[in-house]
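Participant: Contents are compact mmCIF, C-alpha atoms; file name model13.txt:
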# COMPACT_ATOMS: atom_id res chain seq x y z
CA MET F 1 -5.37 -18.00 7.66
CA GLY F 2 -6.65 -16.84 11.03
CA GLU F 3 -3.53 -18.19 12.71
CA ASN F 4 -1.28 -15.95 10.61
CA ILE F 5 -3.42 -12.90 11.30
CA GLY F 6 -3.36 -13.61 15.03
CA ALA F 7 0.41 -14.04 15.07
CA ALA F 8 0.79 -10.80 13.10
CA ALA F 9 -1.39 -8.98 15.65
CA ARG F 10 0.85 -10.25 18.45
CA ALA F 11 3.96 -9.03 16.60
CA MET F 12 2.34 -5.64 16.06
CA LEU F 13 1.43 -5.06 19.68
CA ASN F 14 4.87 -6.21 20.84
CA PHE F 15 6.28 -3.06 19.25
CA GLY F 16 3.41 -0.62 19.66
CA TRP F 17 1.46 -0.98 16.44
CA THR F 18 -2.33 -1.24 16.83
CA ASP F 19 -3.96 -0.18 13.54
CA MET F 20 -4.53 -3.46 11.65
CA ARG F 21 -6.44 -3.52 8.38
CA LEU F 22 -7.41 -6.78 6.72
CA VAL F 23 -8.12 -7.17 3.01
CA ALA F 24 -10.67 -9.92 2.23
CA PRO F 25 -9.55 -12.48 4.86
CA ARG F 26 -9.55 -15.91 3.24
CA ASP F 27 -11.51 -17.65 6.02
CA GLY F 28 -13.84 -14.79 6.89
CA TRP F 29 -13.83 -12.49 9.88
CA PRO F 30 -13.89 -12.62 12.89
CA ASN F 31 -11.91 -15.85 13.18
CA PRO F 32 -11.42 -17.68 16.51
CA ARG F 33 -8.13 -19.14 15.28
CA ALA F 34 -6.73 -15.63 15.12
CA ASP F 35 -7.65 -15.05 18.76
CA ALA F 36 -5.80 -18.21 19.79
CA LEU F 37 -2.52 -17.08 18.18
CA ALA F 38 -2.78 -13.44 19.24
CA SER F 39 -1.80 -14.39 22.81
CA GLY F 40 -2.94 -11.25 24.60
CA ALA F 41 -3.12 -9.00 21.54
CA VAL F 42 -6.82 -9.69 20.95
CA ARG F 43 -7.63 -5.98 21.19
CA VAL F 44 -5.68 -5.43 17.97
CA LEU F 45 -7.96 -7.99 16.29
CA GLU F 46 -11.10 -6.52 17.83
CA ASP F 47 -10.26 -3.09 16.44
CA ALA F 48 -9.09 -4.41 13.04
CA ARG F 49 -10.81 -2.90 10.03
CA VAL F 50 -11.86 -5.24 7.23
CA ALA F 51 -12.06 -4.09 3.60
CA PRO F 52 -12.79 -5.87 0.30
CA THR F 53 -9.81 -4.36 -1.58
CA LEU F 54 -6.41 -2.87 -0.86
CA ALA F 55 -7.59 0.50 -2.14
CA ASP F 56 -10.43 0.47 0.40
CA ALA F 57 -8.15 -0.63 3.25
CA ALA F 58 -5.44 1.97 2.63
CA GLY F 59 -7.48 4.71 1.01
CA ASP F 60 -6.62 7.29 3.68
CA CYS F 61 -2.86 6.65 3.47
CA SER F 62 -0.76 9.22 1.67
CA PHE F 63 2.27 6.91 1.44
CA THR F 64 2.51 3.11 1.55
CA PHE F 65 5.39 0.63 1.63
CA ALA F 66 4.93 -2.83 0.09
CA THR F 67 6.92 -5.63 1.73
CA THR F 68 8.27 -8.11 -0.81
CA ALA F 69 11.31 -10.34 -1.16
CA ARG F 70 12.18 -8.87 -4.54
CA PRO F 71 11.47 -5.64 -6.41
CA ARG F 72 9.93 -7.59 -9.35
CA ASP F 73 9.60 -5.64 -12.59
CA LEU F 74 8.13 -2.47 -11.10
CA SER F 75 10.19 0.70 -10.92
CA LYS F 76 9.95 1.93 -7.33
CA PRO F 77 12.31 3.07 -4.59
CA VAL F 78 13.55 0.06 -2.58
CA TYR F 79 14.26 0.42 1.15
CA THR F 80 15.68 -1.78 3.88
CA PRO F 81 13.49 -1.99 7.02
CA GLN F 82 15.75 0.55 8.74
CA GLN F 83 15.52 3.00 5.84
CA ALA F 84 11.78 2.49 5.41
CA THR F 85 10.89 3.10 9.05
CA ALA F 86 13.08 6.20 9.13
CA GLU F 87 11.30 7.48 6.03
CA ALA F 88 7.92 6.63 7.57
CA ARG F 89 8.76 8.58 10.72
CA ALA F 90 9.81 11.60 8.70
CA ARG F 91 6.56 11.52 6.74
CA LEU F 92 4.48 11.15 9.90
CA ALA F 93 6.26 14.16 11.36
CA ASP F 94 5.20 16.04 8.22
CA GLY F 95 1.56 15.20 8.90
CA GLN F 96 1.22 12.36 6.42
CA THR F 97 -0.49 9.00 6.97
CA VAL F 98 1.75 6.01 6.31
CA GLY F 99 0.98 2.31 5.91
CA PHE F 100 2.96 -0.92 5.51
CA LEU F 101 1.45 -3.57 3.24
CA PHE F 102 2.00 -7.27 3.97
CA GLY F 103 0.92 -10.07 1.65
CA PRO F 104 -0.74 -13.39 2.48
CA GLU F 105 1.33 -16.29 3.74
CA ARG F 106 1.28 -18.41 0.60
CA ALA F 107 2.67 -16.09 -2.05
CA GLY F 108 2.99 -12.58 -0.63
CA LEU F 109 1.74 -9.47 -2.39
CA GLU F 110 0.62 -9.66 -6.00
CA ASN F 111 2.14 -7.34 -8.60
CA ASP F 112 -1.15 -5.43 -8.80
CA ASP F 113 -0.93 -4.77 -5.05
CA ILE F 114 2.69 -3.65 -5.24
CA ALA F 115 1.85 -1.34 -8.15
CA GLN F 116 -0.43 0.65 -5.83
CA ALA F 117 2.31 1.21 -3.24
CA ASN F 118 4.73 4.13 -3.28
CA ALA F 119 7.83 2.17 -2.31
CA ILE F 120 9.14 -1.32 -1.56
CA VAL F 121 10.66 -2.74 1.62
CA THR F 122 12.97 -5.74 1.21
CA VAL F 123 14.51 -7.54 4.17
CA PRO F 124 18.18 -8.50 3.54
CA VAL F 125 17.70 -12.23 4.10
CA ASN F 126 19.66 -15.22 2.81
CA PRO F 127 19.19 -15.10 -1.00
CA ASP F 128 19.13 -18.90 -1.09
CA PHE F 129 16.16 -18.96 1.31
CA ALA F 130 14.28 -15.68 1.28
CA SER F 131 10.93 -16.99 2.53
CA LEU F 132 9.49 -15.25 5.60
CA ASN F 133 6.12 -15.99 7.08
CA LEU F 134 3.66 -13.15 7.59
CA ALA F 135 4.19 -12.69 11.33
CA GLN F 136 7.98 -12.75 10.94
CA CYS F 137 7.84 -10.00 8.36
CA VAL F 138 5.53 -7.86 10.50
CA LEU F 139 7.81 -8.45 13.50
CA LEU F 140 10.93 -7.32 11.64
CA ILE F 141 9.41 -4.08 10.39
CA ALA F 142 7.67 -3.29 13.69
CA TYR F 143 10.86 -4.02 15.64
CA GLU F 144 12.83 -1.61 13.48
CA TRP F 145 10.12 0.99 13.99
CA ARG F 146 10.32 0.60 17.77
CA ARG F 147 14.11 0.56 17.78
CA GLN F 148 14.19 3.99 16.16
CA GLN F 149 11.63 5.44 18.53
CA GLY F 150 13.36 8.10 20.53
CA ASP F 151 11.20 11.01 21.49
CA PRO F 152 7.57 10.85 20.34
CA VAL F 153 7.06 11.87 16.72
CA PRO F 154 6.08 15.55 16.77
CA ALA F 155 2.75 16.37 15.23
CA GLY F 156 3.21 18.51 12.15
CA PRO F 157 0.80 20.42 9.97
CA ALA F 158 -1.46 18.33 7.80
CA ALA F 159 0.28 17.85 4.47
CA PRO F 160 -1.72 18.27 1.26
CA ARG F 161 -0.49 14.95 -0.13
CA ALA F 162 -3.10 12.99 -2.08
CA SER F 163 -4.41 9.86 -0.39
CA LEU F 164 -4.36 6.42 -1.98
CA ASP F 165 -8.12 6.69 -2.41
CA GLU F 166 -7.79 9.95 -4.37
CA ILE F 167 -5.05 8.48 -6.55
CA GLU F 168 -7.19 5.39 -7.16
CA ARG F 169 -10.11 7.52 -8.38
CA LEU F 170 -7.77 9.47 -10.66
CA ALA F 171 -6.34 6.23 -12.07
CA VAL F 172 -9.85 4.93 -12.78
CA HIS F 173 -10.79 8.23 -14.44
CA PHE F 174 -7.71 8.09 -16.70
CA GLU F 175 -8.37 4.45 -17.59
CA GLU F 176 -11.97 5.21 -18.55
CA ARG F 177 -10.96 8.09 -20.80
CA LEU F 178 -8.11 6.08 -22.36
CA GLU F 179 -10.48 3.16 -22.94
CA ASP F 180 -12.83 5.50 -24.78
CA ALA F 181 -9.92 6.74 -26.91
CA GLY F 182 -8.81 3.20 -27.82
CA PHE F 183 -5.46 3.61 -26.07
CA PHE F 184 -5.34 0.09 -24.62
CA PHE F 185 -4.48 -1.79 -27.81
CA PRO F 186 -3.92 -4.61 -28.44
CA THR F 187 -6.40 -5.82 -25.84
CA ASP F 188 -4.14 -8.58 -24.53
CA LYS F 189 -1.64 -5.89 -23.49
CA ALA F 190 -4.26 -3.83 -21.66
CA PRO F 191 -3.74 -5.31 -18.13
CA HIS F 192 0.00 -4.67 -18.28
CA MET F 193 -0.50 -1.15 -19.63
CA LYS F 194 -2.97 -0.34 -16.86
CA ARG F 195 -0.66 -1.73 -14.20
CA THR F 196 2.19 0.40 -15.57
CA LEU F 197 0.01 3.49 -15.35
CA ARG F 198 -1.02 2.65 -11.76
CA ASN F 199 2.64 2.26 -10.90
CA LEU F 200 3.36 5.67 -12.43
CA TRP F 201 0.66 7.40 -10.36
CA SER F 202 1.87 5.82 -7.12
CA ARG F 203 5.43 7.07 -7.72
CA LEU F 204 4.42 10.70 -8.17
CA PRO F 205 4.33 12.94 -5.06
CA LEU F 206 0.85 14.19 -5.93
CA GLU F 207 -0.97 16.68 -3.77
CA HIS F 208 -4.73 17.04 -3.35
CA GLY F 209 -4.74 20.07 -5.66
CA ASP F 210 -2.85 18.16 -8.35
CA ILE F 211 -5.56 15.50 -8.35
CA GLN F 212 -8.29 18.11 -8.80
CA ILE F 213 -6.45 19.77 -11.71
CA LEU F 214 -5.92 16.45 -13.52
CA HIS F 215 -9.58 15.47 -13.10
CA GLY F 216 -10.60 18.88 -14.46
CA ALA F 217 -8.21 18.59 -17.40
CA LEU F 218 -9.62 15.19 -18.34
CA ARG F 219 -13.19 16.45 -18.19
CA GLN F 220 -12.31 19.46 -20.34
CA LEU F 221 -10.54 17.31 -22.94
CA VAL F 222 -13.60 15.10 -23.24
CA ARG F 223 -15.88 18.14 -23.66
CA LYS F 224 -13.62 19.60 -26.35
CA ARG F 225 -13.48 16.33 -28.23
CA GLY F 226 -17.25 16.04 -28.07
CA GLY F 227 -17.71 19.53 -29.42
CA THR F 228 -19.65 20.78 -26.41
CA GLY F 229 -16.89 22.98 -24.95
Just give me the structure of the file as structure tokens.
Facilitator:
Amino acid sequence: MGENIGAAARAMLNFGWTDMRLVAPRDGWPNPRADALASGAVRVLEDARVAPTLADAAGDCSFTFATTARPRDLSKPVYTPQQATAEARARLADGQTVGFLFGPERAGLENDDIAQANAIVTVPVNPDFASLNLAQCVLLIAYEWRRQQGDPVPAGPAAPRASLDEIERLAVHFEERLEDAGFFFPTDKAPHMKRTLRNLWSRLPLEHGDIQILHGALRQLVRKRGGTG
């Protein structure tokens, strides 16, 4: 909803965040209802980048945190907001690009979205009522970020960590080759198997060079199997 996006933009600017990225907004974009709830933070909305998929929106990020009320069945590091923002600051100081993923108001992030993230952020709320709206969640994480802001984060050398976009292309390449080899069997298990593999890639601290080597290895394996190598 535009109202939720506008309220999230206001929460962001309250604590110094300005880089908003929207994945397939339900009611289209731009949305005048977002402007109404932004209350002075319209510039965040005006500069917001819109993408059709999460991979497109966060493709330049080398590390992402997914905000969710529960870890679900995916094996990932789980942080509190305080721990996550401290980790984000350390990675930024190392030259990495970091993003926080927030799900839609109704149901939060889907498992497929969380599988693409490197880590999970869970707010220690009342377990009997863990529901937070979108703007509240953004506010909590952004507040913790601002609270820890002492001196400006020093700019470090660009790290060779692989971006989400590079990892996504590698995951697709692996899936294509495994499909050809008949790995995803039985077919009804294929979505879960693919999600597990995506989760594996996102947990690995892959560098740009690692991605290139793995692509090359896959191509060579296919050539050998085809008898052309």
Participant: When you draw a straight line from atom CA of F:Asn199 to atom CA of F:Asp112, how long is it in Å?
Facilitator: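 Distance reported for this atom pair: 8.8 Å.
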Participant: Would you kindly return, as a ChimeraX atom specification, each protein, DNA or RNA residue with an atom no farther than 12 Å from any atom of stretch 38-45 of chain F, considering all atoms listed in the file and excluding same-chain residues fewer than 3 positions away?
Facilitator: /F:2-22,29-35,48-50,135
Participant: Take the point (-10.8, 15.6, -14.4) as written in the file and pick out every residue within 12 Å of it, counting only C-alpha atoms; give the list as a list in words.
Facilitator: Glu166, Arg169, Leu170, Ala171, Val172, His173, Phe174, Glu175, Glu176, Arg177, Gly209, Asp210, Ile211, Gln212, Ile213, Leu214, His215, Gly216, Ala217, Leu218, Arg219, Gln220, Leu221, Val222 and Arg223 of chain F
Participant: Near stretch 68-77 of chain F, within 12 Å and counting all atoms listed in the file, which residues show up once chain neighbours fewer than 2 positions away are dropped, as a tab-separated table (two decimals) with C-alpha atoms, keeping the file's coordinate frame?
Facilitator:
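Okay, selection_35.tsv is ready:
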chain	number	residue	atom	x	y	z
F	64	THR	CA	2.51	3.11	1.55
F	65	PHE	CA	5.39	0.63	1.63
F	66	ALA	CA	4.93	-2.83	0.09
F	79	TYR	CA	14.26	0.42	1.15
F	80	THR	CA	15.68	-1.78	3.88
F	81	PRO	CA	13.49	-1.99	7.02
F	83	GLN	CA	15.52	3.00	5.84
F	84	ALA	CA	11.78	2.49	5.41
F	87	GLU	CA	11.30	7.48	6.03
F	100	PHE	CA	2.96	-0.92	5.51
F	101	LEU	CA	1.45	-3.57	3.24
F	102	PHE	CA	2.00	-7.27	3.97
F	103	GLY	CA	0.92	-10.07	1.65
F	104	PRO	CA	-0.74	-13.39	2.48
F	105	GLU	CA	1.33	-16.29	3.74
F	107	ALA	CA	2.67	-16.09	-2.05
F	108	GLY	CA	2.99	-12.58	-0.63
F	109	LEU	CA	1.74	-9.47	-2.39
F	110	GLU	CA	0.62	-9.66	-6.00
F	111	ASN	CA	2.14	-7.34	-8.60
F	112	ASP	CA	-1.15	-5.43	-8.80
F	113	ASP	CA	-0.93	-4.77	-5.05
F	114	ILE	CA	2.69	-3.65	-5.24
F	115	ALA	CA	1.85	-1.34	-8.15
F	116	GLN	CA	-0.43	0.65	-5.83
F	117	ALA	CA	2.31	1.21	-3.24
F	118	ASN	CA	4.73	4.13	-3.28
F	119	ALA	CA	7.83	2.17	-2.31
F	120	ILE	CA	9.14	-1.32	-1.56
F	121	VAL	CA	10.66	-2.74	1.62
F	122	THR	CA	12.97	-5.74	1.21
F	123	VAL	CA	14.51	-7.54	4.17
F	124	PRO	CA	18.18	-8.50	3.54
F	125	VAL	CA	17.70	-12.23	4.10
F	126	ASN	CA	19.66	-15.22	2.81
F	127	PRO	CA	19.19	-15.10	-1.00
F	128	ASP	CA	19.13	-18.90	-1.09
F	129	PHE	CA	16.16	-18.96	1.31
F	130	ALA	CA	14.28	-15.68	1.28
F	131	SER	CA	10.93	-16.99	2.53
F	132	LEU	CA	9.49	-15.25	5.60
F	133	ASN	CA	6.12	-15.99	7.08
F	134	LEU	CA	3.66	-13.15	7.59
F	137	CYS	CA	7.84	-10.00	8.36
F	138	VAL	CA	5.53	-7.86	10.50
F	141	ILE	CA	9.41	-4.08	10.39
F	192	HIS	CA	0.00	-4.67	-18.28
F	195	ARG	CA	-0.66	-1.73	-14.20
F	196	THR	CA	2.19	0.40	-15.57
F	197	LEU	CA	0.01	3.49	-15.35
F	198	ARG	CA	-1.02	2.65	-11.76
F	199	ASN	CA	2.64	2.26	-10.90
F	200	LEU	CA	3.36	5.67	-12.43
F	201	TRP	CA	0.66	7.40	-10.36
F	202	SER	CA	1.87	5.82	-7.12
F	203	ARG	CA	5.43	7.07	-7.72
F	204	LEU	CA	4.42	10.70	-8.17
Participant: For atom CA of F:His208 and atom CA of F:Ala162, determine how far apart the two atoms are, in Å to one decimal place.
Facilitator: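 For atom CA of F:His208 relative to atom CA of F:Ala162, the distance reads 4.5 Å.
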